[in-house]
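**Q** Below is the structure I would like to discuss, written out as C-alpha cells.
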Amino acid sequence: MTRPHAHRTSPAIGSRRVRSVAPGLAVCAAGVVVAWCVHRLAGPVPMLTAALLLGIVAVNAGILPEATRAGTRFAARTLMRAGVVLLGLQVSVSDIAGLGWGTIAMTLAVLLATLLGTTWLGRLMGLPHRLSLLVAAGCAICGASAVAAVDGVLGSRGGADGDREGDAATAVAVVMLCGTLAIAVLPLLGPLLGLSPYDQGRWVGASVHDVGQVVATATALGPAAVVPAIAVKLIRVATLAPVTTAIGLRARRGDASGVRRPPVVPVFLIAFVAMVAIRSVGEVPAHVLDDVSTVKDLLFAAALFGLGTAVRVRLLVRTGHRALLLGLTSWVLIAGVAYAGVLLTR
C-alpha cells in the first residue's frame with residue numbers, strides 16, 4: 001500500500017536540516033567578514049588565521065548559543081571539503097614538471113620525512129595516533145585542508161565523534177599557529193643561511209604549511225622567491241589525494257574490529273583530482289582562477305571559524321600543550337630537512 005505522504009519525507013528532512021544549520025552558518029559568515037576586516041587593518045595577520053582565532057574567542061567567551069553548533073560543525077567539515085576541491089584548480093602538472101626532477105624528488109622526500117617523523121614524535125610524546133597523524137598531515141602537505149582530508153578518510157577511527165571533532169580542531173589550531181610563525185621567522189633566516197632568492201623560495205615552498213602562508217612568506221622575501229615558492233608548494237598540494245588515500249587504506253587494514261571493508265576514496269578527493277586534471281589539460285582563464293581562489297578562501301575562512309568553535313581553551317591548556325609542542329617540533333623538522341634538501345639540489 002502506498003503511503004500518501006511518503007514523498008514529503010525527504011523534503012521535510014531537508015528543510016529541517018537547513019533550519020538546523022542556518023544559525024551556525026550565519027555566525028560563520030559574520031566571522032568571515034570580521035576576519036577580512038582584521039586582515040585589512042592588520043595586513044600581517046592572514047584572514048584564515050584571524051577566522052580561526054575568532055572562532056576560538058567566540059566559543060570560549062560563551063557568546064555562541066547552542067543552536068549554532070550544528071551549523072559550525074557543518075562549516076568545519078563540508079565547507080572545508082568544498083574548499084579542498086577548489087584548491088585543485090591551483091595545481092597544474094606542467095608547472096610542477098617545470099621545476100625539474102631534482103626539486104620534485106627533494107620536495108617529496110621532505111614531505112615523507114615530515115609525515116613519518118611527526119607521527120613518530122607524537123607517539124614519543126604520548127599523543128593519540130589520530131591527533132599525531134592529523135598534525136603530521138597538516139605540516140607535511142597543505143595545512144588545514146590536509147587535516148580535513150585525512151580526518152575525512154579516517155572517519156570515526158581513533159575515538160568517538162566528540163574526540164574526532166576535538167582532534168581535528170586542535171590539529172588545525174596547531175598547524176595554523178605554527179605556519180603563521182613561519183611568516184615572521186623564515187624571511188629573517190633566509191638571507192642569513194646563504195640562500196639565493198630562488199632557493200629561499202624553494203625552501204619556503206617546501207617547509208611552510210598553508211598555501212596562503214607560503215605566498216605571504218615568499219612575498220616578504222622578494223619577487224624572485226614567489227614563483228619557486230608557489231611551484232614547490234603545489235607539488236605538496238598535488239600529493240593530497242594519493243597520500244590521503246594511502247592513509248585511509250592503511251587505517252582500514254589496521255582496523256581492530258576485524259571487519260573487512262572495501263577501500264573507499266571520499267568524493268571530495270575524487271573531485272580534487274578532477275580539478276587538477278581540468279587545470280592541467282585545459283586553459284582556464286585567469287579571471288576564473290582568481291574568482292575560484294576568492295571563493296576557496298572564503299570557504300576555508302568559514303570552515304576555520306567553525307573549527308575554532310570546537311577548541312575549548314581550558315581543555316587545550318590541560319591536554320593540548322603536547323600537541324602544540326609536537327607542532328613546533330614538526331615545524332623545526334620540516335624547515336631543517338627542507339633546508340638540507342635545497343642545499344643538495346642547488
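Every chain in the C-alpha cells has a letter given in the order shown (A, B, ...), and although residue numbers restart at 1 in each chain, ligands are simply numbered from 1 in the order shown.
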So that I can check the surroundings of segment 137-140 of chain A, please list as number ranges by chain every protein, DNA and RNA residue that reaches within 8 Å of it, counting only C-alpha atoms and ignoring chain neighbours fewer than 2 positions away.
**A** A: 110-112, 114-115, 133-135, 142-147, 150, 171-172, 175, 207-209, 236, 327, 330-331, 334
**Q** What does the file look like for those residues with C-alpha atoms, as a PDB file, in the first residue's frame?
**A**
ATOM      1  CA  VAL A 110      60.771  16.379   2.750  1.00  0.00           C
ATOM      2  CA  LEU A 111      57.055  15.572   2.781  1.00  0.00           C
ATOM      3  CA  LEU A 112      57.653  11.905   3.599  1.00  0.00           C
ATOM      4  CA  THR A 114      57.844  15.205   7.915  1.00  0.00           C
ATOM      5  CA  LEU A 115      54.869  12.852   7.785  1.00  0.00           C
ATOM      6  CA  LEU A 133      48.589  11.887  12.140  1.00  0.00           C
ATOM      7  CA  LEU A 134      46.383  14.946  11.646  1.00  0.00           C
ATOM      8  CA  VAL A 135      49.163  17.299  12.779  1.00  0.00           C
ATOM      9  CA  CYS A 142      48.950  21.760   2.976  1.00  0.00           C
ATOM     10  CA  GLY A 143      47.751  22.903   6.371  1.00  0.00           C
ATOM     11  CA  ALA A 144      44.105  22.861   7.373  1.00  0.00           C
ATOM     12  CA  SER A 145      42.907  21.374   4.075  1.00  0.00           C
ATOM     13  CA  ALA A 146      45.137  18.315   4.617  1.00  0.00           C
ATOM     14  CA  VAL A 147      43.848  17.959   8.185  1.00  0.00           C
ATOM     15  CA  VAL A 150      42.835  12.982   6.467  1.00  0.00           C
ATOM     16  CA  ALA A 171      45.374  19.895  14.828  1.00  0.00           C
ATOM     17  CA  VAL A 172      44.180  22.828  12.718  1.00  0.00           C
ATOM     18  CA  VAL A 175      49.200  23.852  12.274  1.00  0.00           C
ATOM     19  CA  SER A 207      58.501  23.920   4.509  1.00  0.00           C
ATOM     20  CA  VAL A 208      55.599  26.348   5.133  1.00  0.00           C
ATOM     21  CA  HIS A 209      52.262  24.678   5.805  1.00  0.00           C
ATOM     22  CA  ARG A 236      52.893  19.174  -1.920  1.00  0.00           C
ATOM     23  CA  GLY A 327      53.552  21.183  16.003  1.00  0.00           C
ATOM     24  CA  SER A 330      57.450  19.294  13.386  1.00  0.00           C
ATOM     25  CA  TRP A 331      57.896  22.845  12.093  1.00  0.00           C
ATOM     26  CA  ILE A 334      60.353  20.310   8.122  1.00  0.00           C
TER      27      ILE A 334
END
**Q** Give me the residues near Ile270 of chain A as a list in words, where near means some atom within 12 Å (using only C-alpha atoms) and where sequence neighbours in that chain fewer than 4 positions away do not count.
**A**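 The contact residues come out as Arg81, Ala82, Val84, Val85, Leu86, Gly88, Ala149, Leu240, Ala241, Pro242, Thr244, Thr245, Val264, Val265, Pro266, Ala274, Met275, Val276 and Ala277 of chain A.
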**Q** Can you pull out every residue within 12 Å of Leu298 of chain A, counting only C-alpha atoms, but drop anything in the same chain fewer than 3 positions away, and send it as a ChimeraX atom specification?
**A** /A:28-36,47-48,51,75,79-80,82-84,86,291-295,301-305
**Q** Out of A:Thr49, A:Thr345, A:Ser94, A:Ser20, which residue has the shortest atom-to-atom distance to Ala173 of chain A when counting only C-alpha atoms?
**A**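 Once distances to Ala173 of chain A are computed over only C-alpha atoms, the minimum belongs to A:Thr49.
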**Q** Have a look at A:Ala184, A:Ile141, A:Leu54, A:Leu307 and name the one nearest to Ala109 of chain A; count only C-alpha atoms.
**A** A:Ile141
**Q** How would you write, as a ChimeraX atom specification, the set of residues in segment 33-204 of chain A that DSSP gives as helix (DSSP H, G or I)?
**A** /A:33-41,47-60,66-90,93-97,101-124,129-142,144-154,161-192,197-204
**Q** Suppose we keep C-alpha atoms; can you now write the selection as a compact mmCIF listing (two decimals), in the first residue's frame?
**A**
# COMPACT_ATOMS: atom_id res chain seq x y z
CA VAL A 33 33.51 39.36 7.49
CA VAL A 34 35.22 40.27 10.76
CA ALA A 35 38.31 38.20 9.83
CA TRP A 36 38.52 40.02 6.50
CA CYS A 37 38.34 43.37 8.29
CA VAL A 38 41.07 42.29 10.71
CA HIS A 39 43.27 41.29 7.78
CA ARG A 40 42.66 44.60 6.01
CA LEU A 41 43.51 46.58 9.13
CA MET A 47 42.41 36.17 7.06
CA LEU A 48 42.35 32.41 7.66
CA THR A 49 44.32 32.70 10.88
CA ALA A 50 42.06 35.53 12.03
CA ALA A 51 38.97 33.42 11.29
CA LEU A 52 40.31 30.51 13.34
CA LEU A 53 41.21 32.75 16.29
CA LEU A 54 37.83 34.49 16.16
CA GLY A 55 36.06 31.14 16.35
CA ILE A 56 38.14 30.18 19.38
CA VAL A 57 37.42 33.51 21.09
CA ALA A 58 33.70 33.37 20.32
CA VAL A 59 33.09 29.91 21.77
CA ASN A 60 35.28 30.43 24.85
CA GLU A 66 23.80 26.02 21.34
CA ALA A 67 21.64 26.50 18.24
CA THR A 68 24.74 27.45 16.24
CA ARG A 69 26.58 24.20 16.91
CA ALA A 70 25.13 22.20 14.01
CA GLY A 71 25.97 24.95 11.52
CA THR A 72 29.53 25.47 12.74
CA ARG A 73 30.18 21.73 12.54
CA PHE A 74 28.73 21.68 9.02
CA ALA A 75 31.07 24.51 8.03
CA ALA A 76 34.09 22.82 9.61
CA ARG A 77 33.56 19.64 7.62
CA THR A 78 31.53 20.27 4.48
CA LEU A 79 32.72 23.79 3.59
CA MET A 80 36.32 22.77 4.28
CA ARG A 81 35.99 19.87 1.84
CA ALA A 82 34.44 22.16 -0.77
CA GLY A 83 37.47 24.43 -0.39
CA VAL A 84 39.78 21.44 -0.86
CA VAL A 85 38.05 20.66 -4.16
CA LEU A 86 38.57 24.21 -5.45
CA LEU A 87 42.20 24.06 -4.30
CA GLY A 88 42.75 21.54 -7.09
CA LEU A 89 42.42 24.28 -9.71
CA GLN A 90 45.64 25.83 -8.39
CA VAL A 93 51.07 19.27 -13.67
CA SER A 94 53.07 21.24 -16.25
CA ASP A 95 54.03 23.89 -13.68
CA ILE A 96 55.27 21.19 -11.35
CA ALA A 97 57.21 19.36 -14.07
CA TRP A 101 63.13 16.15 -11.14
CA GLY A 102 65.68 17.19 -8.52
CA THR A 103 63.33 19.69 -6.88
CA ILE A 104 60.36 17.35 -7.20
CA ALA A 105 62.27 14.50 -5.54
CA MET A 106 63.53 16.83 -2.81
CA THR A 107 60.02 18.06 -2.03
CA LEU A 108 58.57 14.56 -1.87
CA ALA A 109 61.42 13.44 0.40
CA VAL A 110 60.77 16.38 2.75
CA LEU A 111 57.05 15.57 2.78
CA LEU A 112 57.65 11.91 3.60
CA ALA A 113 60.22 12.71 6.31
CA THR A 114 57.84 15.20 7.91
CA LEU A 115 54.87 12.85 7.79
CA LEU A 116 56.72 9.89 9.29
CA GLY A 117 58.85 11.97 11.67
CA THR A 118 55.92 13.91 13.11
CA THR A 119 53.85 10.76 13.63
CA TRP A 120 56.80 9.12 15.39
CA LEU A 121 57.37 12.20 17.58
CA GLY A 122 53.68 12.23 18.51
CA ARG A 123 53.94 8.64 19.65
CA LEU A 124 57.01 9.50 21.76
CA HIS A 129 47.79 8.33 16.96
CA ARG A 130 44.88 10.09 15.25
CA LEU A 131 45.89 13.52 16.54
CA SER A 132 49.55 12.93 15.66
CA LEU A 133 48.59 11.89 12.14
CA LEU A 134 46.38 14.95 11.65
CA VAL A 135 49.16 17.30 12.78
CA ALA A 136 51.65 15.43 10.58
CA ALA A 137 49.43 15.73 7.51
CA GLY A 138 48.79 19.43 8.11
CA CYS A 139 52.50 20.18 8.45
CA ALA A 140 53.67 17.93 5.62
CA ILE A 141 51.07 18.61 2.92
CA CYS A 142 48.95 21.76 2.98
CA ALA A 144 44.11 22.86 7.37
CA SER A 145 42.91 21.37 4.07
CA ALA A 146 45.14 18.31 4.62
CA VAL A 147 43.85 17.96 8.19
CA ALA A 148 40.29 17.95 6.82
CA ALA A 149 41.14 15.43 4.10
CA VAL A 150 42.83 12.98 6.47
CA ASP A 151 40.07 13.45 9.04
CA GLY A 152 37.60 12.55 6.30
CA VAL A 153 39.27 9.27 5.32
CA LEU A 154 39.89 8.22 8.93
CA ASP A 161 32.66 11.74 17.32
CA GLY A 162 33.37 14.27 20.06
CA ASP A 163 37.02 13.22 20.23
CA ARG A 164 37.19 13.34 16.44
CA GLU A 165 35.96 16.92 16.32
CA GLY A 166 38.33 17.95 19.09
CA ASP A 167 41.32 16.26 17.43
CA ALA A 168 40.66 18.00 14.11
CA ALA A 169 40.18 21.38 15.77
CA THR A 170 43.34 21.01 17.85
CA ALA A 171 45.37 19.90 14.83
CA VAL A 172 44.18 22.83 12.72
CA ALA A 173 44.88 25.31 15.51
CA VAL A 174 48.41 23.97 15.99
CA VAL A 175 49.20 23.85 12.27
CA MET A 176 47.80 27.32 11.58
CA LEU A 177 49.65 28.92 14.51
CA CYS A 178 52.97 27.28 13.60
CA GLY A 179 52.54 28.16 9.92
CA THR A 180 51.84 31.77 10.84
CA LEU A 181 55.02 31.80 12.90
CA ALA A 182 56.92 30.91 9.72
CA ILE A 183 55.74 34.14 8.07
CA ALA A 184 57.69 36.11 10.68
CA VAL A 185 60.72 33.85 11.09
CA LEU A 186 61.73 32.47 7.67
CA PRO A 187 62.21 35.85 5.90
CA LEU A 188 64.73 36.71 8.63
CA LEU A 189 66.59 33.40 8.38
CA GLY A 190 66.71 33.01 4.59
CA PRO A 191 69.41 35.61 3.83
CA LEU A 192 71.44 34.52 6.88
CA PRO A 197 66.28 34.40 -3.55
CA TYR A 198 65.29 31.49 -5.84
CA ASP A 199 66.46 28.91 -3.28
CA GLN A 200 64.81 30.83 -0.46
CA GLY A 201 61.58 30.48 -2.40
CA ARG A 202 62.08 26.73 -2.80
CA TRP A 203 62.81 26.46 0.92
CA VAL A 204 59.62 28.32 1.82
**Q** Suppose you want the space between atom CA of Val211 of chain A and atom CA of Val227 of chain A; what is it in Å?
**A** 12.5 Å
**Q** Which distance in Å separates atom CA of Val45 of chain A and atom CA of Pro23 of chain A, to one decimal?
**A** 27.0 Å
